[in-house]
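**Student:** Let me begin by handing over the structure; questions about it come next.
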Amino acid sequence: MEWGGEYSLDSSNLDCLLNVLPGDLEFQQILSDLDEKIKKNSSSIEQCLKDLQSEVNEICTNEILQSTTECLQWLNNCNFSSLRPTSTHHGELMEFLRTLQSLLKNEQNQEEMILHFLLDLSSQCGVSFPCTPSGTSFELTSSLHAVEDDSTMDVKSLWDDVRLHLRRFLVNRLQSQEETNTNALQQQMEFKTQCIQQLLFLYPEAEVLTKYQNMQNKLVSDLLQNCVLSSCGETNFDKVVHGYQSSIPTLCSMIKEDLYILSGTIDPSSSLKFINETYLDTITEEMTVLLERLCELQFKENALHIVKANKISKKHRGTVHAVASQESHRKGRNFCLTLYQLKCLSQLIKLFLLMEEKIEELSAEILLVPSFTEKNKNIQGVLKKAGGELLIGETRANETSVLPEQLLQVEEPVSLNFGWRNAFKDLSSSVAHCVTIAIEDFSTKILQHEQKEEFSAAGYAMSLVNNQQMRESCGAVQQEEQPKRIAKFCSDIMEELDTLLPLALACRDDSLQEIRANFVKACSKVATAVLARLEEKSKDVPSKAPLQDLYAALSTAIYVFQHFTMYSNLMRERSKKPLFLVPVQQYQEFINVLQSQVTSYCVRVCATSILQDAESHHWDDYKAFYEGERCSFSVQMWHYFCCALHHDLWTILPPKIAQEILTDVLEQSLAMLSSRYCQACPSYRRTPQIGIDTAAILMSTEDMLWSVCSSVQEFLNPHEDRDLKIYKIHTHCNSLLSVLAILTSPLRNLYETFLNHSDEHVPPDFSEVVYHPLHWLSCIPSSCSSLLKTPSAREMAAQGQLKLLLSQPYCNLNLLLETLLHHDCLLVKILLRSSRNEVSSHDEQSSLLEQINNKQSTLIETLFTVLSYCTLSPKSLGIAFEVYMEKEQLWNCLYNMTVSSCGESEPEVIRCLKLTLINSVKGIVKQIISLMHSWEATENYGTYQHKQIVPESLLKTVPKEWNYTPREMKRKESGKCFTRLAAQAVSIVISKLPTVIACLPPPIKYFFFLAERKMSRNFAELKKAGLLVWNLIVIICRIFEDGNTAELLTGATLDRWSKEKLSLVRVCLESIMGKQKSGPKQVTQKVIQSVEQQRPNWIESQLLKARKLSTDCASVPVEGATAEKGGIALGLTEQKINMMVLDICHKPGGNEYLRQIYHIIRLNEVGDETRCRS
């Protein structure tokens, strides 16, 4: 087939598409690229059909095909077995096979050469070598050639001897590969795939798979037996768990490898059948034998205990009783299991559940087949095969040829079938019985121990522990809903239940239902006992226990509620009805009651302090209160209590509930204070006390307000419908401010003010300022005026944004991102300035692979990554790093990036940009290398990679009817072949550039746009394509220049020929970009001319399109931005911030990056510097 201007088997490279949210222009580019590729693929298919049509017309002269449609019909209806073969003389064939046999027996290391030679004969000459099973009759047939029937037994014996020798060679290679296992995974899979395909060339698929299955089966059995039985002594539960813990990762790797190998060799159904029989059935059998052995040992141990227990009775009767009991236990398969043994079994089941999930993911990823549970679902409608083909289409196509009785016979598709649960059937009744006893036993002991500690200690306070395991086991629970500290006794109980949970999760069929039922029943009893204990603890407050126990009881109840909710959700996948409905409802009611109890108790404490302060609130007293030098005792106690409450709630309870309780207490206590002071009629001496008390209340409330508000919008613009409690707090504070103004102002001034302004026109914005909820904040002598701009502006200063973030009871990711982007990324600039002297810690010989796999991220890398993920704020990355790049003089470093290694320490920003670009062009590099391999396979198939030349003695014996033309090992491609291959590769690179740039994150594109404006003006080459396009092509050239880097990046293996061709492509790309110092070589000129002849001015138009896509992000305006500073943050609504946080958390390491920045902010006092800057 002639080359049509570009790589004909091309497909759109959308590796990075799902990593970003493209804009309208990017979507248009991606869709146009897809449309273009579809057209090219259709034209390529049509050309293939035309070539096939011409070849069929040449071979089958009795049947002339007029069009490609007739060609498709001929292919569909053609019976290749009916083709009349051409005969091959018996003597020539015998001589050829004897020569092969002689070479294999008398010469060493000829097997690989002969295999490639036979494959070359088959592909070039159409010779179909027999692929019959071992021991069957022989018939050499082909679409072109065949052998006469005389003396077929002699030919059969010779061919069987040849292919048996080759099979031994291939099997030995497979076995040696398994023993060494030192190669990279990709290379090992390619090697084994090649061996399997060569075996399929010699023998039928069933026989090859059986042989390979036996090999892998033996490996699996040996692995399991060696891991479990490697240590001396009797097998116990410990050894079983430890053995499978070490062997299951290896088994998953083997399954993944075989899935990849078989997916390119046989159909999905056969692949699944192979995995089932080779791995899953073998693991089940080994596990069954092992558990039976453990059961026998446990039977003996139980029988021994029975005999010892009955020795006090008569000898004969005791012996008979012991034997009868032992036989009874054997028949019932019931025996006692300790808690430790149950934990071992649970850990073992957990390993199998994880393995089952892993295999399911691998099969869905590689073979695109249903999961383990799909076959159990009742699917009505269109049935599907394992490979995804619709059976209904086949039925309609062959409707006339299907008999009525055959319509009822629908073959069930092959699916994964991991029957490891069958190995636990004999243990199910014993486990179900013992799990109930074990749960009740350890829970009772823990509760009794906690009660003894309470009775033995005077003034007992509940022992608390940090809630760490909840965060690991309950990933579905949001951080703001996770308790921070819980009761130790409850933590111990739930930890034991978590350990035994896999026993209940293993139930999928009726055989293990009893285990789950008993586990649920026992857990419900434990939940009831723990709830009763928590109710007792809550009633002891405050008479016997401190107030902190009330918070701890509430936090512990939430912890248990979340745990059983998680249990119910996990088991609901296997049971449609909720299993913990009653305990969950009981805990929900208890949590609501206890939260109300905490709030009401705290409000009563405040009320007691406020209402019973007779000395401070003796307003008609004619003596000044402490000479007017202090506030009231009640106000002081109220402030201390709120601070202590804030500390306890933030330390113990979930953040969300902690904020709710503090907000309720603050609002209700302020309502009480406002009512109290509105009714005050102080004497002249007591009037200053009103001013001091009111100012103290307002300042304390302002300090608490940062903690109870969870967003800037809630703080600056509380709405009566949305944020009622916050709105009421502001209302109470404004009432107190009115009391302060009226009671403390002289009557003459008040009278003159209202008298003079009664007839004047009130300004239109007067009511908005005076009656704005935040009006009181601008009137108190506190630091709030520096943290807020004017309340009517509804904007917060950078320091206020930071204080709001650090006042939260947890890491509020939305607020954190908003703070980072606020005020033109001021906080990011300060963090960068503090780490400006930080450089990359890589050694001088650090390679590309080490840089990509480096798990330790510095502050600069973390900030860069997070801002590069902010697709809805494309200018934030450039604005944040602009000053840093200028001070470090890094703009010019973007002109020429290195790839493979760093001779000097490399700045972190340059390294991050480089890795981003490398990941974006990885798909192009893979496609070019695939082109090299496919071109080598199609154009130079006869050039053997084994570096061995076919002997002349063998070439002479090739039958003349086969018309075999030997090819030399040395490649002597013409200039046209060189030009065609390089032109294909160059076309791929140039055609992919717009799509690659469209898939880059907008912050990265804007960063390069900004860098292009900051760089020196003497880079004339950049005017052609722009800095981003320039760097992408430079990165590709550097990868092609260093073959080792290309291998590390793609996992492919490149020989010297491929590396030379990649170097030629690099030279062509450099010539296109004008980067070559000398003039272009003749070969380079031919390549570029070849592309231009097919598509005039196409290269230039592609570069201009890529440049346009790289610079369009700079013209996108920020919504709502104003000319003043901080405009970026104004354009980001709460919804956009939330979308960006979700996007960042779904990116690799995004959540960890945000939390790392948060901890750095908390550990470093950046607030002082922010105050100076603002």
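How things are named: the first chain in the structure tokens is A, the next is B, and so on; residues count from 1 in each chain; ligands count from 1 in the order shown.
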List every residue of stretch 600-643 of chain A that has an atom at most 10 Å from any atom of stretch 665-676 of chain A, giving for each one its closest atom pair and the distance in Å to one decimal, counting only C-alpha atoms, sorted by chain and then by ascending residue number, as JSON lines.
**Tutor:**
```
{"residue": "A:Ser600", "atom": "CA", "partner": "A:Val665", "partner_atom": "CA", "distance": 7.9}
{"residue": "A:Tyr601", "atom": "CA", "partner": "A:Val665", "partner_atom": "CA", "distance": 9.3}
{"residue": "A:Cys602", "atom": "CA", "partner": "A:Val665", "partner_atom": "CA", "distance": 6.6}
{"residue": "A:Val603", "atom": "CA", "partner": "A:Val665", "partner_atom": "CA", "distance": 5.7}
{"residue": "A:Arg604", "atom": "CA", "partner": "A:Ser669", "partner_atom": "CA", "distance": 8.9}
{"residue": "A:Val605", "atom": "CA", "partner": "A:Ser669", "partner_atom": "CA", "distance": 9.6}
{"residue": "A:Cys606", "atom": "CA", "partner": "A:Ser669", "partner_atom": "CA", "distance": 6.4}
{"residue": "A:Ala607", "atom": "CA", "partner": "A:Ser669", "partner_atom": "CA", "distance": 7.1}
{"residue": "A:Ile610", "atom": "CA", "partner": "A:Leu673", "partner_atom": "CA", "distance": 7.4}
{"residue": "A:Leu611", "atom": "CA", "partner": "A:Arg676", "partner_atom": "CA", "distance": 8.3}
{"residue": "A:His617", "atom": "CA", "partner": "A:Arg676", "partner_atom": "CA", "distance": 9.4}
{"residue": "A:Ser634", "atom": "CA", "partner": "A:Leu673", "partner_atom": "CA", "distance": 9.9}
{"residue": "A:Val635", "atom": "CA", "partner": "A:Leu673", "partner_atom": "CA", "distance": 8.8}
{"residue": "A:Trp638", "atom": "CA", "partner": "A:Ser669", "partner_atom": "CA", "distance": 8.6}
{"residue": "A:Cys642", "atom": "CA", "partner": "A:Leu666", "partner_atom": "CA", "distance": 7.7}
```
**Student:** Take the selection from the previous step and output its residues with N, CA and C atoms, as an mmCIF file, in the first residue's frame.
**Tutor:**
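Now in selection.cif:
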```cif
data_model
loop_
_atom_site.group_PDB
_atom_site.id
_atom_site.type_symbol
_atom_site.label_atom_id
_atom_site.label_comp_id
_atom_site.auth_asym_id
_atom_site.auth_seq_id
_atom_site.Cartn_x
_atom_site.Cartn_y
_atom_site.Cartn_z
ATOM 1 N N SER A 600 -28.051 23.174 75.358
ATOM 2 C CA SER A 600 -28.874 23.745 76.432
ATOM 3 C C SER A 600 -28.091 23.863 77.735
ATOM 4 N N TYR A 601 -27.233 22.883 78.014
ATOM 5 C CA TYR A 601 -26.437 22.965 79.244
ATOM 6 C C TYR A 601 -25.489 24.169 79.205
ATOM 7 N N CYS A 602 -24.811 24.349 78.062
ATOM 8 C CA CYS A 602 -23.888 25.473 77.941
ATOM 9 C C CYS A 602 -24.625 26.809 78.032
ATOM 10 N N VAL A 603 -25.807 26.876 77.429
ATOM 11 C CA VAL A 603 -26.597 28.111 77.502
ATOM 12 C C VAL A 603 -27.037 28.362 78.943
ATOM 13 N N ARG A 604 -27.394 27.296 79.674
ATOM 14 C CA ARG A 604 -27.793 27.469 81.069
ATOM 15 C C ARG A 604 -26.630 27.947 81.924
ATOM 16 N N VAL A 605 -25.457 27.449 81.636
ATOM 17 C CA VAL A 605 -24.279 27.923 82.374
ATOM 18 C C VAL A 605 -24.070 29.411 82.130
ATOM 19 N N CYS A 606 -24.191 29.835 80.871
ATOM 20 C CA CYS A 606 -24.047 31.264 80.560
ATOM 21 C C CYS A 606 -25.154 32.074 81.233
ATOM 22 N N ALA A 607 -26.364 31.535 81.214
ATOM 23 C CA ALA A 607 -27.484 32.251 81.832
ATOM 24 C C ALA A 607 -27.284 32.393 83.334
ATOM 25 N N ILE A 610 -24.789 35.111 83.869
ATOM 26 C CA ILE A 610 -25.258 36.455 83.499
ATOM 27 C C ILE A 610 -26.339 36.943 84.452
ATOM 28 N N LEU A 611 -27.309 36.066 84.730
ATOM 29 C CA LEU A 611 -28.480 36.508 85.484
ATOM 30 C C LEU A 611 -28.247 36.581 86.988
ATOM 31 N N HIS A 617 -24.353 43.853 88.134
ATOM 32 C CA HIS A 617 -25.523 44.420 87.459
ATOM 33 C C HIS A 617 -26.415 45.226 88.408
ATOM 34 N N SER A 634 -19.835 38.767 85.155
ATOM 35 C CA SER A 634 -20.590 37.860 84.285
ATOM 36 C C SER A 634 -20.063 37.895 82.859
ATOM 37 N N VAL A 635 -19.717 39.069 82.361
ATOM 38 C CA VAL A 635 -19.171 39.178 81.006
ATOM 39 C C VAL A 635 -17.815 38.486 80.928
ATOM 40 N N TRP A 638 -18.453 34.775 81.044
ATOM 41 C CA TRP A 638 -19.012 34.363 79.748
ATOM 42 C C TRP A 638 -17.920 34.234 78.692
ATOM 43 N N CYS A 642 -16.807 30.714 76.887
ATOM 44 C CA CYS A 642 -16.840 30.550 75.432
ATOM 45 C C CYS A 642 -15.483 30.108 74.893
#
```
**Student:** As a PyMOL selection string, please: all residues of stretch 589-775 of chain A that backbone DSSP puts in alpha helix (DSSP H).
**Tutor:** chain A and resi 589-611+633-652+655-678+687-708+712-716+724-744+747-756+766-770
**Student:** Calculated over only C-alpha atoms, which of the candidates A:Trp1098, A:Ser128, A:Ser710, A:Leu1048 has the smallest distance to A:Thr88?
**Tutor:** A:Ser128
**Student:** Using only C-alpha atoms for the distances, tell me which of A:Glu112, A:Asp33, A:Glu886, A:Asp824 is nearest to A:Leu993.
**Tutor:**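 Of A:Glu112, A:Asp33, A:Glu886, A:Asp824, the one nearest A:Leu993 is A:Asp33, counting only C-alpha atoms.
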**Student:** To one decimal place in Å, what is the distance between atom CA of A:Asn812 and atom CA of A:Ile729?
**Tutor:** 22.6 Å
**Student:** Rank A:Met704, A:Ala206, A:Ile929, A:Ile591 by their smallest atom-to-atom distance to A:Ala982, using only C-alpha atoms, and report the top residue only.
**Tutor:**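 The answer is A:Ile929, which sits nearest to A:Ala982.
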**Student:** One decimal, in Å: what's the spacing between atom CA of A:Gly264 and atom CA of A:Trp1057?
**Tutor:**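 Separation between atom CA of A:Gly264 and atom CA of A:Trp1057: 25.5 Å.
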**Student:** Neighbouring residues of A:Thr436 were defined as those with any atom within 7 Å, considering only C-alpha atoms; residues of the same chain fewer than 5 positions away were excluded. Please report them as a list in words.
**Tutor:**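 Surrounding residues, per the criterion: Asn518, Phe519 and Ala522 of chain A.
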**Student:** I need the residues from that last selection saved to file as an mmCIF file, in the first residue's frame (with N, CA, C and O atoms), if you can.
**Tutor:**
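What landed in part.cif:
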```
data_model
loop_
_atom_site.group_PDB
_atom_site.id
_atom_site.type_symbol
_atom_site.label_atom_id
_atom_site.label_comp_id
_atom_site.auth_asym_id
_atom_site.auth_seq_id
_atom_site.Cartn_x
_atom_site.Cartn_y
_atom_site.Cartn_z
ATOM 1 N N ASN A 518 -24.988 -13.976 62.248
ATOM 2 C CA ASN A 518 -24.508 -13.962 63.631
ATOM 3 C C ASN A 518 -23.646 -12.741 63.920
ATOM 4 O O ASN A 518 -23.695 -12.193 65.025
ATOM 5 N N PHE A 519 -22.863 -12.296 62.926
ATOM 6 C CA PHE A 519 -22.049 -11.094 63.125
ATOM 7 C C PHE A 519 -22.931 -9.869 63.323
ATOM 8 O O PHE A 519 -22.693 -9.049 64.218
ATOM 9 N N ALA A 522 -24.615 -10.092 66.793
ATOM 10 C CA ALA A 522 -23.681 -9.789 67.876
ATOM 11 C C ALA A 522 -23.316 -8.311 67.899
ATOM 12 O O ALA A 522 -23.225 -7.698 68.971
#
```
**Student:** Write out as an MDAnalysis selection string which residues come within 9 Å of A:Leu1064 when counting only C-alpha atoms, dropping same-chain ones fewer than 2 positions away.
**Tutor:** chainID A and resid 982 1040 1059:1062 1066:1069 1083:1084
**Student:** Produce a file of the selected residues containing C-alpha atoms, as a short mmCIF file (atom, residue, chain, number, x, y, z; two decimals), in the first residue's frame.
**Tutor:**
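Output file part-v6.cif is given in full below:
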```cif
data_model
loop_
_atom_site.label_atom_id
_atom_site.label_comp_id
_atom_site.auth_asym_id
_atom_site.auth_seq_id
_atom_site.Cartn_x
_atom_site.Cartn_y
_atom_site.Cartn_z
CA ALA A 982 10.58 10.00 8.37
CA PHE A 1040 14.45 11.09 20.26
CA LYS A 1059 17.44 4.85 17.37
CA GLU A 1060 19.01 5.95 14.10
CA LYS A 1061 15.59 6.59 12.59
CA LEU A 1062 14.49 8.54 15.67
CA ARG A 1066 14.77 14.74 15.37
CA VAL A 1067 16.89 16.42 12.72
CA CYS A 1068 13.82 16.98 10.54
CA LEU A 1069 11.88 18.56 13.43
CA VAL A 1083 17.73 13.75 3.42
CA THR A 1084 16.07 16.29 5.70
#
```
**Student:** Which residue out of A:Leu97, A:Met571, A:Ala1046, A:Met885 has the minimum interatomic distance to A:Thr957 when only C-alpha atoms are used?
**Tutor:**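 Once distances to A:Thr957 are computed over only C-alpha atoms, the minimum belongs to A:Leu97.
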